[in-house]
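**Q** So here's entry_2.tsv, just TSV, N, CA and C atoms and all ligand atoms:
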chain	number	residue	atom	x	y	z
A	1	MET	N	-129.95	-158.65	-95.66
A	1	MET	CA	-130.39	-159.99	-95.89
A	1	MET	C	-130.01	-160.47	-97.28
A	2	LEU	N	-130.13	-159.63	-98.27
A	2	LEU	CA	-129.87	-160.06	-99.63
A	2	LEU	C	-128.41	-159.90	-100.03
A	3	GLU	N	-127.63	-159.23	-99.24
A	3	GLU	CA	-126.22	-159.07	-99.56
A	3	GLU	C	-125.44	-160.26	-99.02
A	4	THR	N	-124.43	-160.66	-99.74
A	4	THR	CA	-123.58	-161.73	-99.25
A	4	THR	C	-122.35	-161.10	-98.62
A	5	THR	N	-121.90	-161.74	-97.59
A	5	THR	CA	-120.67	-161.27	-96.98
A	5	THR	C	-119.52	-161.99	-97.66
A	6	PRO	N	-118.46	-161.29	-98.01
A	6	PRO	CA	-117.39	-161.91	-98.77
A	6	PRO	C	-116.62	-162.96	-97.99
A	7	ASP	N	-116.67	-162.94	-96.66
A	7	ASP	CA	-115.90	-163.88	-95.88
A	7	ASP	C	-116.72	-165.09	-95.43
A	8	ARG	N	-117.93	-165.22	-95.94
A	8	ARG	CA	-118.77	-166.33	-95.55
A	8	ARG	C	-118.25	-167.62	-96.16
A	9	ARG	N	-118.31	-168.71	-95.39
A	9	ARG	CA	-117.83	-170.00	-95.88
A	9	ARG	C	-118.83	-170.59	-96.85
A	10	PRO	N	-118.38	-171.16	-97.95
A	10	PRO	CA	-119.32	-171.81	-98.87
A	10	PRO	C	-119.87	-173.08	-98.23
A	11	PRO	N	-121.18	-173.32	-98.31
A	11	PRO	CA	-121.77	-174.48	-97.64
A	11	PRO	C	-121.51	-175.80	-98.36
A	12	PHE	N	-121.31	-175.76	-99.68
A	12	PHE	CA	-121.10	-176.97	-100.45
A	12	PHE	C	-120.53	-176.57	-101.81
A	13	CYS	N	-120.11	-177.58	-102.57
A	13	CYS	CA	-119.63	-177.32	-103.92
A	13	CYS	C	-120.84	-177.07	-104.82
A	14	PRO	N	-120.87	-176.00	-105.59
A	14	PRO	CA	-122.06	-175.70	-106.40
A	14	PRO	C	-122.19	-176.55	-107.65
A	15	HIS	N	-121.20	-177.34	-108.00
A	15	HIS	CA	-121.28	-178.13	-109.22
A	15	HIS	C	-122.15	-179.36	-108.98
A	16	PRO	N	-123.17	-179.57	-109.80
A	16	PRO	CA	-124.15	-180.63	-109.51
A	16	PRO	C	-123.58	-182.04	-109.61
A	17	ASP	N	-122.54	-182.28	-110.40
A	17	ASP	CA	-122.01	-183.63	-110.51
A	17	ASP	C	-120.86	-183.91	-109.55
A	18	CYS	N	-120.58	-183.01	-108.65
A	18	CYS	CA	-119.55	-183.23	-107.63
A	18	CYS	C	-120.12	-184.12	-106.53
A	19	ASP	N	-119.31	-185.01	-105.98
A	19	ASP	CA	-119.81	-185.94	-104.96
A	19	ASP	C	-119.77	-185.36	-103.55
A	20	SER	N	-119.53	-184.07	-103.42
A	20	SER	CA	-119.45	-183.47	-102.09
A	20	SER	C	-120.80	-183.46	-101.38
A	21	ARG	N	-121.90	-183.53	-102.13
A	21	ARG	CA	-123.22	-183.54	-101.50
A	21	ARG	C	-123.64	-184.93	-101.06
A	22	THR	N	-123.16	-185.96	-101.75
A	22	THR	CA	-123.58	-187.32	-101.42
A	22	THR	C	-122.59	-188.03	-100.51
A	23	ASN	N	-121.32	-187.67	-100.57
A	23	ASN	CA	-120.30	-188.30	-99.74
A	23	ASN	C	-120.33	-187.69	-98.35
A	24	PRO	N	-120.49	-188.51	-97.30
A	24	PRO	CA	-120.60	-187.94	-95.95
A	24	PRO	C	-119.27	-187.44	-95.38
A	25	ALA	N	-118.16	-187.73	-96.03
A	25	ALA	CA	-116.87	-187.24	-95.52
A	25	ALA	C	-116.85	-185.71	-95.57
A	26	PRO	N	-116.14	-185.11	-94.64
A	26	PRO	CA	-116.12	-183.63	-94.62
A	26	PRO	C	-115.60	-183.04	-95.92
A	27	TRP	N	-116.27	-182.01	-96.33
A	27	TRP	CA	-115.92	-181.34	-97.58
A	27	TRP	C	-114.99	-180.17	-97.27
A	28	ARG	N	-114.00	-180.00	-98.09
A	28	ARG	CA	-113.06	-178.91	-97.91
A	28	ARG	C	-112.97	-178.09	-99.18
A	29	PHE	N	-112.55	-176.87	-99.00
A	29	PHE	CA	-112.33	-175.99	-100.14
A	29	PHE	C	-111.02	-175.25	-99.92
A	30	ILE	N	-110.50	-174.70	-100.98
A	30	ILE	CA	-109.24	-173.97	-100.94
A	30	ILE	C	-109.52	-172.56	-101.43
A	31	LYS	N	-109.07	-171.57	-100.70
A	31	LYS	CA	-109.19	-170.19	-101.17
A	31	LYS	C	-108.19	-169.97	-102.30
A	32	LYS	N	-108.70	-169.45	-103.42
A	32	LYS	CA	-107.85	-169.26	-104.60
A	32	LYS	C	-107.84	-167.80	-105.04
A	33	GLY	N	-107.60	-166.92	-104.13
A	33	GLY	CA	-107.51	-165.51	-104.48
A	33	GLY	C	-108.86	-164.83	-104.53
A	34	PHE	N	-108.91	-163.72	-105.20
A	34	PHE	CA	-110.15	-162.97	-105.30
A	34	PHE	C	-110.11	-162.16	-106.58
A	35	TYR	N	-111.25	-161.60	-106.94
A	35	TYR	CA	-111.29	-160.66	-108.05
A	35	TYR	C	-112.08	-159.43	-107.63
A	36	LEU	N	-111.80	-158.34	-108.27
A	36	LEU	CA	-112.44	-157.07	-107.94
A	36	LEU	C	-113.48	-156.74	-108.99
A	37	ARG	N	-114.52	-156.07	-108.58
A	37	ARG	CA	-115.55	-155.63	-109.51
A	37	ARG	C	-116.10	-154.29	-109.07
A	38	ARG	N	-116.86	-153.66	-109.94
A	38	ARG	CA	-117.34	-152.32	-109.67
A	38	ARG	C	-118.49	-152.28	-108.68
A	39	ARG	N	-119.37	-153.29	-108.76
A	39	ARG	CA	-120.54	-153.31	-107.87
A	39	ARG	C	-120.21	-153.95	-106.54
A	40	SER	N	-121.06	-153.71	-105.57
A	40	SER	CA	-120.88	-154.29	-104.26
A	40	SER	C	-121.30	-155.76	-104.27
A	41	PRO	N	-120.63	-156.65	-103.62
A	41	PRO	CA	-119.37	-156.50	-102.92
A	41	PRO	C	-118.21	-156.36	-103.91
A	42	HIS	N	-117.36	-155.44	-103.67
A	42	HIS	CA	-116.31	-155.11	-104.62
A	42	HIS	C	-115.21	-156.17	-104.69
A	43	ARG	N	-115.04	-156.91	-103.60
A	43	ARG	CA	-114.03	-157.97	-103.57
A	43	ARG	C	-114.74	-159.31	-103.44
A	44	VAL	N	-114.56	-160.18	-104.40
A	44	VAL	CA	-115.24	-161.47	-104.43
A	44	VAL	C	-114.20	-162.57	-104.25
A	45	GLN	N	-114.40	-163.38	-103.21
A	45	GLN	CA	-113.47	-164.46	-102.90
A	45	GLN	C	-113.68	-165.63	-103.87
A	46	LYS	N	-112.59	-166.20	-104.38
A	46	LYS	CA	-112.66	-167.37	-105.25
A	46	LYS	C	-112.21	-168.59	-104.46
A	47	TYR	N	-112.85	-169.74	-104.77
A	47	TYR	CA	-112.55	-170.99	-104.07
A	47	TYR	C	-112.30	-172.09	-105.09
A	48	GLN	N	-111.70	-173.18	-104.61
A	48	GLN	CA	-111.55	-174.39	-105.41
A	48	GLN	C	-112.01	-175.57	-104.57
A	49	CYS	N	-112.85	-176.41	-105.14
A	49	CYS	CA	-113.34	-177.60	-104.45
A	49	CYS	C	-112.19	-178.59	-104.32
A	50	SER	N	-112.08	-179.23	-103.15
A	50	SER	CA	-110.99	-180.18	-102.93
A	50	SER	C	-111.27	-181.52	-103.60
A	51	ARG	N	-112.50	-181.78	-103.98
A	51	ARG	CA	-112.82	-183.09	-104.58
A	51	ARG	C	-112.81	-183.04	-106.10
A	52	CYS	N	-113.56	-182.07	-106.67
A	52	CYS	CA	-113.64	-182.04	-108.14
A	52	CYS	C	-112.64	-181.05	-108.74
A	53	ARG	N	-111.96	-180.31	-107.91
A	53	ARG	CA	-110.92	-179.37	-108.34
A	53	ARG	C	-111.44	-178.24	-109.24
A	54	ARG	N	-112.74	-178.01	-109.23
A	54	ARG	CA	-113.28	-176.91	-110.03
A	54	ARG	C	-113.49	-175.69	-109.15
A	55	GLY	N	-113.50	-174.56	-109.78
A	55	GLY	CA	-113.57	-173.32	-109.05
A	55	GLY	C	-114.96	-172.73	-108.99
A	56	PHE	N	-115.17	-171.90	-107.99
A	56	PHE	CA	-116.39	-171.14	-107.83
A	56	PHE	C	-116.04	-169.95	-106.96
A	57	SER	N	-117.01	-169.07	-106.75
A	57	SER	CA	-116.74	-167.88	-105.95
A	57	SER	C	-117.85	-167.65	-104.93
A	58	SER	N	-117.65	-166.70	-104.06
A	58	SER	CA	-118.68	-166.39	-103.07
A	58	SER	C	-119.91	-165.79	-103.73
A	59	ALA	N	-119.76	-165.24	-104.94
A	59	ALA	CA	-120.91	-164.70	-105.66
A	59	ALA	C	-121.83	-165.80	-106.16
A	60	THR	N	-121.33	-167.04	-106.24
A	60	THR	CA	-122.16	-168.15	-106.71
A	60	THR	C	-123.37	-168.35	-105.81
A	61	PHE	N	-123.23	-168.11	-104.52
A	61	PHE	CA	-124.30	-168.35	-103.57
A	61	PHE	C	-125.14	-167.10	-103.32
A	62	SER	N	-124.88	-166.04	-104.03
A	62	SER	CA	-125.61	-164.80	-103.85
A	62	SER	C	-126.97	-164.87	-104.55
A	63	PRO	N	-128.03	-164.29	-103.98
A	63	PRO	CA	-129.31	-164.25	-104.67
A	63	PRO	C	-129.25	-163.40	-105.95
A	64	ALA	N	-128.30	-162.51	-106.03
A	64	ALA	CA	-128.19	-161.63	-107.20
A	64	ALA	C	-127.22	-162.17	-108.24
A	65	TYR	N	-126.88	-163.48	-108.16
A	65	TYR	CA	-125.93	-164.08	-109.08
A	65	TYR	C	-126.46	-164.02	-110.51
A	66	TRP	N	-125.72	-163.43	-111.43
A	66	TRP	CA	-126.04	-163.31	-112.85
A	66	TRP	C	-127.29	-162.49	-113.13
A	67	LEU	N	-127.68	-161.61	-112.24
A	67	LEU	CA	-128.81	-160.73	-112.51
A	67	LEU	C	-128.33	-159.48	-113.22
A	68	ARG	N	-129.10	-159.02	-114.18
A	68	ARG	CA	-128.74	-157.77	-114.85
A	68	ARG	C	-129.10	-156.56	-114.00
A	69	ARG	N	-130.14	-156.69	-113.19
A	69	ARG	CA	-130.57	-155.59	-112.33
A	69	ARG	C	-130.58	-156.06	-110.88
A	70	PRO	N	-129.43	-156.27	-110.27
A	70	PRO	CA	-129.43	-156.72	-108.88
A	70	PRO	C	-129.96	-155.68	-107.91
A	71	ASP	N	-130.02	-154.43	-108.34
A	71	ASP	CA	-130.52	-153.38	-107.46
A	71	ASP	C	-132.02	-153.52	-107.23
A	72	LEU	N	-132.73	-154.23	-108.12
A	72	LEU	CA	-134.17	-154.39	-107.98
A	72	LEU	C	-134.56	-155.44	-106.94
A	73	LEU	N	-133.66	-156.33	-106.64
A	73	LEU	CA	-134.01	-157.50	-105.82
A	73	LEU	C	-134.55	-157.13	-104.43
A	74	PRO	N	-133.91	-156.25	-103.66
A	74	PRO	CA	-134.49	-155.89	-102.36
A	74	PRO	C	-135.85	-155.22	-102.48
A	75	ASP	N	-136.02	-154.35	-103.48
A	75	ASP	CA	-137.31	-153.69	-103.66
A	75	ASP	C	-138.40	-154.69	-104.01
A	76	VAL	N	-138.08	-155.60	-104.92
A	76	VAL	CA	-139.07	-156.61	-105.32
A	76	VAL	C	-139.42	-157.49	-104.13
A	77	PHE	N	-138.43	-157.85	-103.34
A	77	PHE	CA	-138.69	-158.67	-102.15
A	77	PHE	C	-139.67	-157.96	-101.21
A	78	HIS	N	-139.42	-156.70	-100.91
A	78	HIS	CA	-140.29	-155.98	-99.97
A	78	HIS	C	-141.68	-155.76	-100.56
A	79	GLN	N	-141.76	-155.54	-101.85
A	79	GLN	CA	-143.07	-155.38	-102.47
A	79	GLN	C	-143.85	-156.70	-102.48
A	80	LEU	N	-143.16	-157.81	-102.72
A	80	LEU	CA	-143.84	-159.11	-102.70
A	80	LEU	C	-144.33	-159.46	-101.31
A	81	VAL	N	-143.55	-159.12	-100.29
A	81	VAL	CA	-143.97	-159.39	-98.91
A	81	VAL	C	-145.21	-158.56	-98.57
A	82	SER	N	-145.32	-157.38	-99.16
A	82	SER	CA	-146.49	-156.54	-98.88
A	82	SER	C	-147.64	-156.84	-99.84
A	83	CYS	N	-147.60	-158.01	-100.50
A	83	CYS	CA	-148.70	-158.52	-101.32
A	83	CYS	C	-148.98	-157.69	-102.57
A	84	ALA	N	-147.99	-157.05	-103.15
A	84	ALA	CA	-148.18	-156.35	-104.41
A	84	ALA	C	-148.13	-157.36	-105.56
A	85	GLY	N	-148.81	-157.06	-106.63
A	85	GLY	CA	-148.84	-157.95	-107.78
A	85	GLY	C	-147.61	-157.76	-108.66
A	86	PHE	N	-147.35	-158.76	-109.53
A	86	PHE	CA	-146.18	-158.69	-110.40
A	86	PHE	C	-146.25	-157.48	-111.32
A	87	ARG	N	-147.42	-157.28	-111.92
A	87	ARG	CA	-147.55	-156.15	-112.86
A	87	ARG	C	-147.48	-154.81	-112.13
A	88	GLN	N	-148.01	-154.75	-110.93
A	88	GLN	CA	-147.95	-153.52	-110.14
A	88	GLN	C	-146.50	-153.17	-109.79
A	89	ILE	N	-145.72	-154.17	-109.37
A	89	ILE	CA	-144.31	-153.94	-109.05
A	89	ILE	C	-143.55	-153.54	-110.32
A	90	ALA	N	-143.84	-154.24	-111.42
A	90	ALA	CA	-143.14	-153.96	-112.66
A	90	ALA	C	-143.43	-152.55	-113.17
A	91	ARG	N	-144.66	-152.12	-113.05
A	91	ARG	CA	-145.03	-150.78	-113.51
A	91	ARG	C	-144.29	-149.71	-112.70
A	92	ALA	N	-144.17	-149.91	-111.40
A	92	ALA	CA	-143.49	-148.92	-110.56
A	92	ALA	C	-141.99	-148.87	-110.83
A	93	ARG	N	-141.40	-150.00	-111.27
A	93	ARG	CA	-139.95	-150.07	-111.49
A	93	ARG	C	-139.58	-149.93	-112.96
A	94	SER	N	-140.56	-149.82	-113.84
A	94	SER	CA	-140.34	-149.71	-115.29
A	94	SER	C	-139.59	-150.92	-115.85
A	95	VAL	N	-140.00	-152.10	-115.41
A	95	VAL	CA	-139.45	-153.34	-115.95
A	95	VAL	C	-140.62	-154.22	-116.38
A	96	SER	N	-140.30	-155.32	-117.03
A	96	SER	CA	-141.34	-156.25	-117.46
A	96	SER	C	-141.85	-157.07	-116.28
A	97	HIS	N	-143.11	-157.50	-116.38
A	97	HIS	CA	-143.66	-158.33	-115.31
A	97	HIS	C	-142.99	-159.70	-115.25
A	98	THR	N	-142.42	-160.15	-116.37
A	98	THR	CA	-141.70	-161.42	-116.34
A	98	THR	C	-140.39	-161.30	-115.56
A	99	THR	N	-139.81	-160.11	-115.56
A	99	THR	CA	-138.61	-159.87	-114.74
A	99	THR	C	-138.96	-160.03	-113.27
A	100	VAL	N	-140.08	-159.46	-112.88
A	100	VAL	CA	-140.50	-159.56	-111.48
A	100	VAL	C	-140.85	-161.01	-111.14
A	101	ARG	N	-141.48	-161.73	-112.07
A	101	ARG	CA	-141.83	-163.12	-111.82
A	101	ARG	C	-140.56	-163.97	-111.63
A	102	ARG	N	-139.55	-163.75	-112.48
A	102	ARG	CA	-138.30	-164.49	-112.33
A	102	ARG	C	-137.61	-164.17	-111.01
A	103	MET	N	-137.65	-162.89	-110.62
A	103	MET	CA	-137.06	-162.52	-109.32
A	103	MET	C	-137.84	-163.15	-108.18
A	104	SER	N	-139.15	-163.24	-108.32
A	104	SER	CA	-139.97	-163.89	-107.29
A	104	SER	C	-139.62	-165.37	-107.18
A	105	ASP	N	-139.45	-166.03	-108.31
A	105	ASP	CA	-139.05	-167.44	-108.29
A	105	ASP	C	-137.69	-167.62	-107.62
A	106	ARG	N	-136.77	-166.74	-107.98
A	106	ARG	CA	-135.43	-166.82	-107.40
A	106	ARG	C	-135.45	-166.57	-105.90
A	107	LEU	N	-136.22	-165.57	-105.47
A	107	LEU	CA	-136.32	-165.28	-104.04
A	107	LEU	C	-136.97	-166.45	-103.29
A	108	GLY	N	-137.95	-167.08	-103.91
A	108	GLY	CA	-138.58	-168.24	-103.30
A	108	GLY	C	-137.61	-169.40	-103.11
A	109	ARG	N	-136.79	-169.64	-104.13
A	109	ARG	CA	-135.79	-170.72	-104.01
A	109	ARG	C	-134.79	-170.41	-102.90
A	110	HIS	N	-134.35	-169.17	-102.83
A	110	HIS	CA	-133.39	-168.82	-101.79
A	110	HIS	C	-134.01	-168.88	-100.41
A	111	CYS	N	-135.28	-168.52	-100.29
A	111	CYS	CA	-135.94	-168.63	-98.99
A	111	CYS	C	-136.06	-170.10	-98.57
A	112	LEU	N	-136.34	-170.99	-99.52
A	112	LEU	CA	-136.40	-172.43	-99.20
A	112	LEU	C	-135.03	-172.93	-98.76
A	113	LEU	N	-133.97	-172.50	-99.43
A	113	LEU	CA	-132.63	-172.92	-99.04
A	113	LEU	C	-132.25	-172.36	-97.68
A	114	PHE	N	-132.74	-171.16	-97.38
A	114	PHE	CA	-132.41	-170.53	-96.10
A	114	PHE	C	-133.04	-171.31	-94.95
A	115	HIS	N	-134.26	-171.83	-95.17
A	115	HIS	CA	-134.93	-172.57	-94.12
A	115	HIS	C	-134.47	-174.01	-94.14
A	201	ZN	ZN	-116.77	-180.02	-106.17
Mind turning the file's structure into structure tokens?

**A**
Amino acid sequence: MLETTPDRRPPFCPHPDCDSRTNPAPWRFIKKGFYLRRRSPHRVQKYQCSRCRRGFSSATFSPAYWLRRPDLLPDVFHQLVSCAGFRQIARARSVSHTTVRRMSDRLGRHCLLFH
């Protein structure tokens, strides 16, 4: 659930000032190669918006985008679903409770987008 598939189509342009969200005309993107990285997914697809000509990647839509500890996200999700507290989760993972709170906020936003 929390992993992104590298071949998934981007739903929209992630740049907030791009008119792809307000213009009802079909939005297109161009595949612009990929880059490799050490963590999973090892191959990340790069795209270019056809309207604003700016680039983004499949990692942009990932819940673990720009996280320092992406390995914690599935554990935090399952602990939050089982009604554990922020400090309780943080103590078990040896991280700060604010880290867990930020992950909870991020997971909430992604759940809203999913629905
Ligand atoms: Zn765009």

**Q** Using all atoms listed in the file, which residues of chain A come within 6 Å of ligand ZN 201 (chain A), and what is the closest atom pair for each, with the distance in Å to one decimal? Give it as a Markdown table, sorted by chain and residue number.

**A**
| residue | atom | partner | partner_atom | distance |
| --- | --- | --- | --- | --- |
| A:Cys13 | CA | A:ZN201 | ZN | 4.5 |
| A:Pro14 | N | A:ZN201 | ZN | 5.8 |
| A:His15 | N | A:ZN201 | ZN | 5.5 |
| A:Cys18 | CA | A:ZN201 | ZN | 4.5 |
| A:Asp19 | N | A:ZN201 | ZN | 5.6 |
| A:Ser20 | N | A:ZN201 | ZN | 5.6 |
| A:Cys49 | CA | A:ZN201 | ZN | 4.5 |
| A:Ser50 | N | A:ZN201 | ZN | 5.6 |
| A:Arg51 | C | A:ZN201 | ZN | 5.0 |
| A:Cys52 | N | A:ZN201 | ZN | 3.8 |
| A:Arg53 | N | A:ZN201 | ZN | 5.1 |
| A:Arg54 | N | A:ZN201 | ZN | 5.4 |

**Q** Can you work out the spacing between atom CA of A:Ser40 and atom CA of A:Phe56 in Å, to one decimal?

**A**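 Atom CA of A:Phe56 lies 17.8 Å from atom CA of A:Ser40.
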
**Q** Just the helix (DSSP H, G or I) stuff from chain A, please, per backbone DSSP, written as number ranges by chain.

**A** A: 58-61, 72-81, 86-93, 97-114

**Q** Can you tell me which residues surround A:Ser58 at a distance of at most 6.5 Å, considering all atoms listed in the file, apart from same-chain residues fewer than 5 positions away, and format the answer as an NGL selection string?

**A** :A and (6 or 44-47)

**Q** Which residues in chain A does DSSP call strand (DSSP E or B)? List them as a ChimeraX atom specification.

**A** /A:29-36,43-49,55-57

**Q** Please provide the set of residues having any atom within 12 Å of stretch 7-11 of chain A, restricted to only C-alpha atoms, with same-chain residues fewer than 3 positions apart removed, written as an MDAnalysis selection string.

**A** chainID A and resid 3:4 14 20:21 26:31 34 41 43:49 55:62 113:114

**Q** What does the distance between atom N of A:Arg69 and atom N of A:Val100 come to in Å, to one decimal place?

**A**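 Value for the atom N of A:Arg69-atom N of A:Val100 distance: 10.3 Å.
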